[in-house]
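Enquirer: Structure file my_file_33.cif (mmCIF, C-alpha atoms) right here:
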```
data_query
loop_
_atom_site.label_atom_id
_atom_site.label_comp_id
_atom_site.auth_asym_id
_atom_site.auth_seq_id
_atom_site.Cartn_x
_atom_site.Cartn_y
_atom_site.Cartn_z
CA MET A 446 92.52 -71.57 -70.22
CA ALA A 447 89.10 -70.29 -69.12
CA TYR A 448 87.94 -69.51 -65.62
CA ALA A 449 84.26 -69.47 -64.75
CA VAL A 450 83.67 -66.84 -62.10
CA ILE A 451 80.35 -66.39 -60.30
CA PHE A 452 80.13 -62.86 -58.94
CA SER A 453 78.04 -60.87 -56.53
CA LEU A 454 77.94 -57.09 -56.54
CA LEU A 455 78.80 -55.60 -53.19
CA SER A 456 76.67 -52.66 -52.20
CA ILE A 457 79.71 -50.49 -52.61
CA LEU A 458 79.76 -48.12 -55.55
CA GLY A 459 81.56 -44.78 -55.53
CA ALA A 460 80.40 -41.53 -57.09
CA CYS A 461 82.81 -38.87 -55.88
CA TYR A 462 86.26 -37.78 -57.01
CA ALA A 463 88.34 -39.44 -54.28
CA HIS A 464 87.91 -42.97 -52.98
CA ASN A 465 89.70 -45.22 -50.53
CA ILE A 466 89.54 -48.90 -51.47
CA THR A 467 90.65 -50.11 -48.04
CA GLU A 468 87.79 -48.22 -46.37
CA ILE A 469 85.34 -49.57 -48.92
CA LEU A 470 86.41 -53.19 -48.37
CA SER A 471 86.56 -52.85 -44.59
CA SER A 472 82.76 -52.97 -44.48
CA ASP A 473 82.88 -56.69 -45.39
CA PRO A 474 84.93 -58.87 -42.97
CA SER A 475 84.96 -61.76 -45.45
CA LEU A 476 87.24 -59.65 -47.66
CA SER A 477 89.73 -58.72 -44.93
CA GLU A 478 92.57 -60.84 -46.39
CA PHE A 479 92.08 -59.37 -49.86
CA ASN A 480 92.06 -55.91 -48.32
CA SER A 481 95.23 -56.62 -46.34
CA TYR A 482 97.16 -57.79 -49.40
CA LEU A 483 96.11 -54.73 -51.39
CA THR A 484 97.81 -52.68 -48.67
CA GLN A 485 100.91 -54.87 -48.40
CA THR A 486 101.51 -54.79 -52.16
CA LYS A 487 100.68 -51.04 -52.39
CA LEU A 488 98.01 -51.82 -54.99
CA ASP A 489 95.62 -49.79 -52.84
CA ASP A 490 97.56 -46.63 -53.74
CA GLU A 491 97.35 -47.43 -57.44
CA ILE A 492 93.59 -48.08 -57.18
CA ASN A 493 93.03 -44.89 -55.21
CA SER A 494 94.95 -42.84 -57.78
CA ARG A 495 92.63 -43.82 -60.62
CA GLN A 496 89.16 -42.58 -61.48
CA THR A 497 87.34 -45.35 -63.35
CA ILE A 498 88.01 -48.82 -62.02
CA THR A 499 86.50 -52.20 -61.13
CA VAL A 500 87.96 -54.40 -58.40
CA LEU A 501 87.32 -58.16 -58.49
CA ALA A 502 87.55 -59.12 -54.82
CA LEU A 503 88.26 -62.57 -53.36
CA ASP A 504 86.98 -63.83 -50.01
CA ASN A 505 89.28 -64.98 -47.22
CA GLY A 506 89.10 -68.65 -48.21
CA ALA A 507 90.11 -67.98 -51.81
CA MET A 508 92.90 -65.63 -50.68
CA SER A 509 94.30 -68.25 -48.29
CA THR A 510 94.66 -70.70 -51.16
CA LEU A 511 95.99 -68.08 -53.53
CA THR A 512 98.74 -66.73 -51.26
CA SER A 513 99.94 -70.04 -49.78
CA GLY A 514 103.66 -70.48 -50.43
CA LYS A 515 103.92 -67.50 -52.81
CA PRO A 516 106.18 -64.45 -52.37
CA LEU A 517 104.56 -61.05 -52.12
CA SER A 518 105.73 -60.04 -55.59
CA VAL A 519 103.83 -62.96 -57.16
CA VAL A 520 100.72 -62.18 -55.12
CA LYS A 521 100.87 -58.60 -56.38
CA ASN A 522 101.08 -59.74 -60.00
CA ILE A 523 98.05 -61.99 -59.58
CA LEU A 524 95.99 -59.36 -57.75
CA SER A 525 96.84 -56.85 -60.48
CA LEU A 526 94.80 -59.03 -62.86
CA HIS A 527 91.82 -58.48 -60.58
CA VAL A 528 91.77 -54.72 -61.12
CA LEU A 529 90.04 -53.65 -64.36
CA LEU A 530 90.62 -50.17 -65.78
CA ASP A 531 86.95 -49.70 -66.60
CA TYR A 532 83.65 -49.61 -64.73
CA TYR A 533 81.45 -52.73 -64.64
CA ASP A 534 78.27 -53.39 -62.71
CA PRO A 535 75.58 -56.05 -63.35
CA LYS A 536 73.62 -53.76 -65.68
CA LYS A 537 76.65 -52.99 -67.83
CA LEU A 538 77.82 -56.60 -67.79
CA HIS A 539 74.47 -57.92 -69.03
CA SER A 540 74.31 -55.26 -71.76
CA ILE A 541 77.63 -56.31 -73.33
CA ALA A 542 77.12 -57.18 -76.98
CA ASN A 543 77.45 -60.93 -77.61
CA GLY A 544 78.30 -61.39 -73.92
CA THR A 545 82.02 -60.71 -74.47
CA VAL A 546 84.25 -57.66 -74.06
CA LEU A 547 88.00 -57.02 -73.94
CA THR A 548 89.28 -54.92 -71.06
CA THR A 549 92.65 -53.87 -69.65
CA THR A 550 93.85 -54.87 -66.21
CA LEU A 551 96.19 -53.03 -63.89
CA TYR A 552 98.90 -55.61 -64.58
CA GLN A 553 99.24 -54.53 -68.22
CA THR A 554 100.02 -50.96 -67.23
CA THR A 555 103.11 -51.96 -65.19
CA GLY A 556 102.58 -48.71 -63.33
CA SER A 557 102.36 -46.50 -66.44
CA ALA A 558 98.88 -45.98 -67.85
CA SER A 559 98.42 -44.11 -71.13
CA ALA A 560 97.64 -40.42 -71.03
CA GLN A 561 94.05 -41.01 -72.14
CA GLU A 562 93.01 -43.44 -69.44
CA GLY A 563 90.89 -42.04 -66.64
CA GLN A 564 90.28 -38.71 -68.42
CA GLN A 565 86.96 -37.36 -69.62
CA ILE A 566 85.21 -40.38 -68.11
CA PRO A 567 82.68 -39.96 -65.26
CA TYR A 568 84.18 -41.21 -62.04
CA ASN A 569 83.00 -44.68 -60.96
CA ILE A 570 84.37 -47.46 -58.81
CA SER A 571 82.79 -50.89 -58.64
CA VAL A 572 83.72 -53.81 -56.38
CA LEU A 573 82.60 -57.29 -57.47
CA GLU A 574 83.20 -60.38 -55.35
CA ILE A 575 84.27 -63.35 -57.48
CA SER A 576 84.34 -67.01 -56.48
CA ALA A 577 87.80 -67.97 -57.77
CA PRO A 578 91.05 -66.15 -58.58
CA ILE A 579 92.31 -65.40 -62.06
CA ILE A 580 95.64 -67.17 -62.56
CA ALA A 581 98.18 -66.65 -65.33
CA PRO A 582 101.06 -69.17 -65.12
CA ALA A 583 103.56 -66.63 -66.46
CA LEU A 584 103.01 -64.47 -63.36
CA LEU A 585 103.89 -67.16 -60.84
CA THR A 586 107.62 -66.43 -60.86
CA ALA A 587 109.28 -63.53 -59.05
CA ALA A 588 112.58 -61.75 -59.50
CA GLY A 589 113.19 -61.79 -55.74
CA SER A 590 115.70 -59.80 -53.71
CA ASP A 591 118.63 -61.46 -55.52
CA VAL A 592 117.86 -59.57 -58.74
CA ASN A 593 120.92 -58.55 -60.78
CA LEU A 594 120.53 -54.80 -60.41
CA THR A 595 123.43 -53.78 -62.63
CA ALA A 596 122.14 -56.03 -65.44
CA VAL A 597 118.72 -54.35 -65.20
CA LEU A 598 120.34 -50.91 -65.33
CA ASP A 599 122.68 -51.76 -68.21
CA LYS A 600 119.84 -53.13 -70.31
CA ALA A 601 117.75 -50.00 -69.73
CA GLY A 602 120.45 -47.55 -70.83
CA CYS A 603 121.61 -46.58 -67.32
CA LYS A 604 125.17 -47.90 -67.63
CA THR A 605 126.81 -44.80 -66.14
CA PHE A 606 124.69 -45.04 -63.00
CA ALA A 607 125.37 -48.79 -62.77
CA SER A 608 129.11 -48.18 -63.06
CA LEU A 609 129.06 -45.46 -60.38
CA ILE A 610 127.18 -47.50 -57.78
CA SER A 611 129.48 -50.46 -58.42
CA SER A 612 132.76 -48.53 -58.14
CA SER A 613 131.63 -46.50 -55.11
CA GLY A 614 130.31 -49.41 -53.06
CA VAL A 615 126.75 -48.07 -53.10
CA LEU A 616 125.59 -51.20 -54.94
CA LYS A 617 126.21 -53.19 -51.76
CA ILE A 618 124.14 -50.67 -49.77
CA PHE A 619 121.27 -51.05 -52.26
CA GLN A 620 121.49 -54.86 -52.17
CA ASN A 621 121.39 -54.93 -48.36
CA GLN A 622 118.25 -52.77 -48.45
CA MET A 623 116.37 -54.87 -51.02
CA GLU A 624 114.89 -57.37 -48.57
CA LYS A 625 113.48 -54.53 -46.44
CA GLY A 626 112.22 -52.56 -49.42
CA ILE A 627 113.88 -50.07 -51.76
CA THR A 628 112.98 -47.60 -54.51
CA ILE A 629 115.75 -46.58 -56.93
CA PHE A 630 115.70 -43.63 -59.35
CA ALA A 631 118.33 -44.34 -62.02
CA PRO A 632 119.36 -41.46 -64.33
CA THR A 633 119.79 -42.48 -67.95
CA ASP A 634 123.17 -42.22 -69.69
CA GLU A 635 121.88 -39.15 -71.53
CA ALA A 636 121.08 -37.50 -68.19
CA PHE A 637 124.75 -37.60 -67.18
CA LYS A 638 125.70 -35.90 -70.48
CA ALA A 639 123.19 -33.08 -70.09
CA LYS A 640 124.29 -29.47 -69.77
CA GLY A 641 124.63 -28.32 -66.18
CA VAL A 642 125.49 -31.71 -64.66
CA PRO A 643 128.38 -31.14 -62.22
CA ASP A 644 131.77 -32.72 -62.81
CA LEU A 645 131.59 -35.69 -60.45
CA SER A 646 135.38 -36.08 -60.53
CA LYS A 647 135.62 -32.89 -58.46
CA LEU A 648 133.53 -34.43 -55.64
CA SER A 649 135.06 -36.36 -52.78
CA ASN A 650 134.34 -40.08 -52.45
CA ALA A 651 131.95 -39.36 -49.56
CA GLU A 652 130.08 -36.78 -51.64
CA VAL A 653 129.73 -39.19 -54.58
CA VAL A 654 128.32 -41.83 -52.21
CA SER A 655 125.82 -39.33 -50.79
CA LEU A 656 124.80 -38.25 -54.30
CA LEU A 657 124.12 -41.86 -55.35
CA GLN A 658 122.26 -42.69 -52.11
CA PHE A 659 120.13 -39.62 -52.83
CA HIS A 660 118.74 -41.58 -55.78
CA ALA A 661 117.07 -44.21 -53.56
CA LEU A 662 114.36 -44.49 -50.90
CA SER A 663 114.45 -46.93 -48.00
CA SER A 664 110.97 -48.22 -48.80
CA TYR A 665 109.01 -49.80 -51.63
CA SER A 666 107.14 -47.05 -53.51
CA PRO A 667 105.49 -48.16 -56.77
CA VAL A 668 104.01 -45.56 -59.11
CA GLY A 669 100.63 -45.50 -57.37
CA THR A 670 102.32 -44.67 -54.07
CA LEU A 671 104.39 -41.89 -55.64
CA LYS A 672 101.26 -40.40 -57.21
CA THR A 673 99.40 -40.30 -53.89
CA THR A 674 102.32 -39.14 -51.71
CA LYS A 675 101.92 -35.75 -50.09
CA GLY A 676 104.96 -34.05 -48.62
CA LYS A 677 108.60 -35.10 -48.80
CA LEU A 678 110.34 -38.44 -49.30
CA ALA A 679 113.40 -39.30 -47.21
CA THR A 680 116.23 -40.84 -49.24
CA LEU A 681 119.00 -43.23 -48.22
CA ALA A 682 121.48 -40.34 -48.07
CA PRO A 683 122.17 -39.23 -44.49
CA GLY A 684 121.72 -35.56 -43.67
CA GLY A 685 118.05 -34.92 -43.04
CA GLY A 686 115.89 -32.51 -45.02
CA LYS A 687 118.64 -31.42 -47.42
CA TYR A 688 118.50 -34.89 -48.94
CA ASP A 689 114.71 -35.13 -49.30
CA LEU A 690 112.70 -35.41 -52.52
CA SER A 691 109.33 -33.77 -53.16
CA PRO A 692 107.09 -35.56 -55.70
CA THR A 693 104.36 -33.83 -57.70
CA THR A 694 101.83 -35.42 -60.04
CA SER A 695 100.21 -34.19 -63.25
CA GLY A 696 97.90 -36.81 -64.72
CA ASP A 697 99.99 -39.98 -64.83
CA THR A 698 103.32 -38.12 -64.78
CA VAL A 699 105.35 -37.98 -61.56
CA THR A 700 108.08 -35.34 -61.17
CA LEU A 701 110.71 -35.36 -58.42
CA HIS A 702 111.94 -32.02 -57.04
CA THR A 703 115.23 -31.71 -55.15
CA GLY A 704 115.41 -28.00 -54.36
CA VAL A 705 118.13 -27.65 -56.99
CA ASP A 706 116.59 -29.33 -60.02
CA SER A 707 113.75 -31.67 -60.94
CA SER A 708 113.26 -34.80 -63.02
CA ARG A 709 110.41 -36.73 -64.54
CA VAL A 710 110.02 -40.39 -63.61
CA ALA A 711 110.42 -41.71 -67.15
CA GLY A 712 109.65 -45.41 -66.74
CA THR A 713 109.56 -48.49 -64.55
CA LEU A 714 112.56 -50.77 -65.12
CA LEU A 715 111.68 -53.32 -62.42
CA ASP A 716 108.73 -53.74 -60.06
CA SER A 717 109.08 -56.85 -57.95
CA THR A 718 107.80 -56.31 -54.42
CA PRO A 719 109.58 -55.01 -52.36
CA VAL A 720 111.98 -53.65 -55.02
CA VAL A 721 111.13 -51.04 -57.64
CA VAL A 722 113.58 -49.36 -60.04
CA TYR A 723 112.70 -46.34 -62.19
CA SER A 724 114.56 -44.45 -64.88
CA VAL A 725 114.64 -40.65 -64.54
CA ASP A 726 115.43 -37.98 -67.13
CA ASN A 727 117.87 -35.94 -65.03
CA VAL A 728 120.53 -36.48 -62.39
CA LEU A 729 119.01 -35.57 -59.01
CA LEU A 730 121.11 -32.89 -57.31
CA PRO A 731 120.66 -32.49 -53.54
CA VAL A 732 120.66 -29.13 -51.78
CA ALA A 733 123.25 -30.42 -49.29
CA LEU A 734 125.88 -30.69 -52.05
CA PHE A 735 124.85 -28.08 -54.61
CA GLY A 736 122.88 -25.44 -52.73
CA GLU A 737 119.49 -23.97 -53.57
CA SER A 738 118.20 -23.53 -57.10
CA PRO A 739 120.26 -20.82 -58.86
CA ALA A 740 118.58 -17.62 -59.99
CA PRO A 741 117.62 -17.52 -63.68
CA ALA A 742 120.51 -16.41 -65.90
CA PRO A 743 120.16 -12.90 -67.36
CA SER A 744 119.17 -12.67 -71.00
CA PRO A 745 121.83 -11.67 -73.56
CA GLU A 746 120.12 -8.31 -73.98
CA SER A 747 120.58 -7.46 -70.31
CA ASP A 748 124.31 -8.28 -70.47
CA SER A 749 125.07 -5.55 -73.00
CA PRO A 750 125.02 -1.93 -71.74
CA SER A 751 122.07 0.16 -72.84
CA PRO A 752 122.96 2.99 -75.23
CA ALA A 753 123.12 6.42 -73.63
CA PRO A 754 120.09 8.53 -74.43
CA SER A 755 120.67 11.26 -77.00
CA PRO A 756 119.98 14.89 -76.09
CA GLU A 757 117.09 14.86 -78.55
CA ALA A 758 115.39 12.12 -76.54
CA ASP A 759 114.72 14.58 -73.71
CA THR A 760 112.56 16.71 -76.03
CA PRO A 761 109.85 14.60 -77.62
CA SER A 762 108.81 15.49 -81.14
CA PRO A 763 105.14 16.40 -81.59
CA ALA A 764 104.85 13.72 -84.25
CA SER A 765 106.55 11.04 -82.19
CA THR A 766 104.67 8.21 -80.52
CA PRO A 767 105.62 6.56 -77.19
CA ALA A 768 108.16 3.80 -77.76
CA SER A 769 109.99 1.96 -75.00
CA SER A 770 112.23 -0.32 -77.06
CA PRO A 771 114.99 0.48 -79.55
CA ALA A 772 113.38 -1.98 -81.95
CA SER A 773 110.36 0.32 -82.28
CA ALA A 774 112.49 3.35 -83.13
CA GLU A 775 114.57 1.48 -85.65
CA SER A 776 111.73 -0.14 -87.65
CA PRO A 777 111.94 0.65 -91.37
CA ALA A 778 109.51 3.19 -92.78
CA GLY A 779 106.07 1.75 -93.36
CA GLU A 780 106.78 -1.28 -91.15
CA SER A 781 105.24 -1.51 -87.70
CA PRO A 782 107.28 -3.04 -84.84
CA ALA A 783 105.04 -6.10 -84.91
CA GLU A 784 106.13 -6.66 -88.50
CA GLY A 785 109.82 -6.09 -87.87
CA PRO A 786 112.64 -8.59 -88.16
CA GLY A 787 112.54 -11.57 -85.86
CA THR A 788 108.75 -11.84 -85.56
CA ASP A 789 108.45 -14.62 -88.13
CA ALA A 790 111.13 -16.58 -86.35
CA ASP A 791 109.39 -16.13 -83.02
CA GLU A 792 106.10 -17.32 -84.45
CA SER A 793 107.80 -20.30 -86.05
CA SER A 794 109.51 -21.10 -82.77
CA SER A 795 106.28 -20.89 -80.81
CA LYS A 796 104.65 -23.38 -83.14
CA ASN A 797 107.25 -26.05 -82.63
CA GLY A 798 105.71 -28.84 -80.58
CA VAL A 799 107.42 -31.30 -78.35
CA ALA A 800 107.14 -34.83 -79.67
CA GLU A 801 105.38 -36.99 -77.16
CA ARG A 802 107.18 -40.15 -76.27
CA LYS A 803 105.07 -43.19 -76.63
CA SER A 804 105.88 -46.59 -75.34
CA SER A 805 104.32 -49.76 -76.51
CA THR A 806 102.48 -51.67 -73.82
CA LEU A 807 102.00 -55.37 -73.68
CA PHE A 808 98.28 -55.98 -73.48
CA ILE A 809 96.86 -59.09 -71.91
CA ALA A 810 93.15 -59.25 -72.61
CA VAL A 811 90.78 -60.37 -69.94
CA VAL A 812 87.60 -61.53 -71.59
CA LEU A 813 84.49 -61.16 -69.52
CA SER A 814 81.66 -63.42 -70.67
CA VAL A 815 78.31 -62.95 -69.03
CA ALA A 816 75.62 -65.58 -69.16
CA SER A 817 73.01 -65.95 -66.44
CA GLY A 818 75.19 -64.27 -63.83
CA VAL A 819 78.35 -66.20 -64.79
CA ILE A 820 81.50 -64.46 -66.02
CA SER A 821 84.05 -66.40 -67.98
CA LEU A 822 87.45 -64.78 -67.90
CA VAL A 823 89.88 -66.01 -70.55
CA LEU A 824 93.55 -65.10 -70.47
#
```
When written as structure tokens, how does the structure in this file appear?
Expert:
Amino acid sequence: MAYAVIFSLLSILGACYAHNITEILSSDPSLSEFNSYLTQTKLDDEINSRQTITVLALDNGAMSTLTSGKPLSVVKNILSLHVLLDYYDPKKLHSIANGTVLTTTLYQTTGSASAQEGQQIPYNISVLEISAPIIAPALLTAAGSDVNLTAVLDKAGCKTFASLISSSGVLKIFQNQMEKGITIFAPTDEAFKAKGVPDLSKLSNAEVVSLLQFHALSSYSPVGTLKTTKGKLATLAPGGGKYDLSPTTSGDTVTLHTGVDSSRVAGTLLDSTPVVVYSVDNVLLPVALFGESPAPAPSPESDSPSPAPSPEADTPSPASTPASSPASAESPAGESPAEGPGTDADESSSKNGVAERKSSTLFIAVVLSVASGVISLVL
């Protein structure tokens, strides 16, 4: 199905590192509804967190028709198709070879853009007003607040977490919060098997409940919001600051810090406004239950007593050279310490890379066709 879209370029183009889409759109009252829904769906945070982007804006009349009778989650899906992860202005549009180009929209990313996007590209933001919305029938259904949370978790390899929230009664707490907005960080099954995870059977029922509530926020925070959050996030666990999370961002990676440990936000399992569920690599351990981060464990070398110095060590030999480690003194003749045993292993170890996880992304191509100021967008 093709959609002919007549556009006009707003006199709003950015050329600095940071931008605020709501401020940009506020200069045009005819786009106030579009601007409002970007804020309600938290798409404004996702737009603001990216460097190179084009926003296809709809006027108030088009937005009124678009949003009528639709839940917020469906509106978000549709508006995500109106955010292109590339920069387009009239000059670039009219220079497209054969009048057609494939581009990626924000919807395809589902909150997780690839590591290459937005890097080594000059910063640009463009806002184009279009005459009609882009509609994909598959996006017109929403999961809603009655989503089967345990089924989502089981399917994503978070069965242990699903079992714990069910047996402890925390599932009911999460379900009651869904209509108001909730963000859940679900540790994978492998996370519960990791070294250093406390024995949960030694915790009281109340402590287990607090631990599980610590894995949720009482608000809807999609990836864009997490990436732009400064400061701490209050969780559902009662107890104030000792149950807060501190997010940090590096590129497109968000890491949650608890004061005891930290975990990467590994993926988005469900994003249906106002509910979002993520998988995380580690179990989040709150300070209130497990104290501050422990000091680093001493190395094996420091555990064994140092040999007592020999009497000869007090009188240096004229031919001796300064040496602070036993390894230097014990090197075979003709072999320097740098060539001694263990060096090859260290070098080999330092060259071992960490395999980068890659996830396949479903790409929906939006085809922009330009002819005499008319764009045809084909889904």
Enquirer: What lies within 12 Å of A:Ser518 using all atoms listed in the file, ignoring chain neighbours under 6 positions off, as an MDAnalysis selection string?
Expert: chainID A and resid 482:483 485:488 512 524:525 584:590 624 626 665 667 715:721
Enquirer: Can you turn the PyMOL selection byres ((chain A and resi 591-602) around 10) into a concrete residue list for this file, as a PyMOL selection string?
Expert: chain A and resi 587-590+603-608+610-611+616+619-620+623-624+631-635+712-715+717+720+722-724
Enquirer: Write out as a PDB file with C-alpha atoms, keeping the file's coordinate frame which residues come within 8 Å of A:Leu529 when counting only C-alpha atoms, dropping same-chain ones fewer than 2 positions away.
Expert:
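Full text of around.pdb as output:
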```pdb
ATOM      1  CA  ILE A 498      88.010 -48.820 -62.020  1.00  0.00           C
ATOM      2  CA  THR A 499      86.500 -52.200 -61.130  1.00  0.00           C
ATOM      3  CA  VAL A 500      87.960 -54.400 -58.400  1.00  0.00           C
ATOM      4  CA  LEU A 501      87.320 -58.160 -58.490  1.00  0.00           C
ATOM      5  CA  LEU A 526      94.800 -59.030 -62.860  1.00  0.00           C
ATOM      6  CA  HIS A 527      91.820 -58.480 -60.580  1.00  0.00           C
ATOM      7  CA  ASP A 531      86.950 -49.700 -66.600  1.00  0.00           C
ATOM      8  CA  TYR A 532      83.650 -49.610 -64.730  1.00  0.00           C
ATOM      9  CA  THR A 548      89.280 -54.920 -71.060  1.00  0.00           C
ATOM     10  CA  THR A 549      92.650 -53.870 -69.650  1.00  0.00           C
ATOM     11  CA  THR A 550      93.850 -54.870 -66.210  1.00  0.00           C
ATOM     12  CA  LEU A 551      96.190 -53.030 -63.890  1.00  0.00           C
TER      13      LEU A 551
END
```
Enquirer: Here's the selection I'm unsure about, the PyMOL selection byres ((chain A and resi 510) around 12); applied to the file above, which residues does it give, as a PDB file with C-alpha atoms, in the coordinates of the input?
Expert:
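New file part_5.pdb:
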```
ATOM      1  CA  GLU A 478      92.570 -60.840 -46.390  1.00  0.00           C
ATOM      2  CA  PHE A 479      92.080 -59.370 -49.860  1.00  0.00           C
ATOM      3  CA  LEU A 503      88.260 -62.570 -53.360  1.00  0.00           C
ATOM      4  CA  ASP A 504      86.980 -63.830 -50.010  1.00  0.00           C
ATOM      5  CA  ASN A 505      89.280 -64.980 -47.220  1.00  0.00           C
ATOM      6  CA  GLY A 506      89.100 -68.650 -48.210  1.00  0.00           C
ATOM      7  CA  ALA A 507      90.110 -67.980 -51.810  1.00  0.00           C
ATOM      8  CA  MET A 508      92.900 -65.630 -50.680  1.00  0.00           C
ATOM      9  CA  SER A 509      94.300 -68.250 -48.290  1.00  0.00           C
ATOM     10  CA  LEU A 511      95.990 -68.080 -53.530  1.00  0.00           C
ATOM     11  CA  THR A 512      98.740 -66.730 -51.260  1.00  0.00           C
ATOM     12  CA  SER A 513      99.940 -70.040 -49.780  1.00  0.00           C
ATOM     13  CA  GLY A 514     103.660 -70.480 -50.430  1.00  0.00           C
ATOM     14  CA  LYS A 515     103.920 -67.500 -52.810  1.00  0.00           C
ATOM     15  CA  VAL A 520     100.720 -62.180 -55.120  1.00  0.00           C
ATOM     16  CA  ALA A 577      87.800 -67.970 -57.770  1.00  0.00           C
ATOM     17  CA  PRO A 578      91.050 -66.150 -58.580  1.00  0.00           C
ATOM     18  CA  ILE A 580      95.640 -67.170 -62.560  1.00  0.00           C
TER      19      ILE A 580
END
```
Enquirer: Considering all atoms listed in the file, can you say which of A:Lys647, A:Lys687, A:Lys677, A:Lys672 comes closest to A:Asp489?
Expert: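 Ranking A:Lys647, A:Lys687, A:Lys677, A:Lys672 by distance to A:Asp489, first place goes to A:Lys672.
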Enquirer: Selected by the PyMOL selection byres ((chain A and resi 654) around 12) in the shown coordinates: which residues, as a VMD selection string?
Expert: chain A and resid 606 609 to 619 645 648 to 653 655 to 661 681 to 683 734
Enquirer: Would you kindly return, as a PyMOL selection string, each protein, DNA or RNA residue with an atom no farther than 8 Å from any atom of A:Ile492, considering only C-alpha atoms and excluding same-chain residues fewer than 6 positions away?
Expert: chain A and resi 466+498+528+669
Enquirer: Please report, as lines of an AutoDock Vina configuration file, the centre and edge lengths in Å to one decimal of an axis-aligned box covering all listed atoms of stretch 649-652 of chain A with 3 Å per side.
Expert:
```
center_x = 132.6
center_y = -38.2
center_z = -51.2
size_x = 11.0
size_y = 9.7
size_z = 9.2
```
Enquirer: Rounded to one decimal in Å, what is the spacing between atom CA of A:Ser707 and atom CA of A:Tyr552?
Expert: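 Going from atom CA of A:Ser707 over to atom CA of A:Tyr552, I get 28.4 Å.
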Enquirer: Within 6 Å of (113.7, -48.1, -46.7) in the file's own coordinates, which protein, DNA or RNA residues have an atom, counting only C-alpha atoms? List them as a list of chain:residue names.
Expert: A:Gly626, A:Ile627, A:Leu662, A:Ser663, A:Ser664
Enquirer: Go ahead and compute the interatomic distance for atom CA of A:Pro692 and atom CA of A:Thr628, in Å to one decimal.
Expert: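 Result for atom CA of A:Pro692 versus atom CA of A:Thr628: 13.5 Å, one decimal.
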Enquirer: Go ahead and compute the interatomic distance for atom CA of A:Ala636 and atom CA of A:Asn727, in Å to one decimal.
Expert: 4.8 Å
Enquirer: Using only C-alpha atoms for the distances, tell me which of A:Asp689, A:Asp726, A:Glu468, A:Asp534 is nearest to A:Ser481.
Expert: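 Closest residue, counting only C-alpha atoms: A:Glu468.
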Enquirer: Which is closer to A:Lys640 than all the others in A:Thr680, A:Ser576, A:Thr670, A:Val728, using all atoms listed in the file?
Expert: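 Of A:Thr680, A:Ser576, A:Thr670, A:Val728, the one nearest A:Lys640 is A:Val728, counting all atoms listed in the file.
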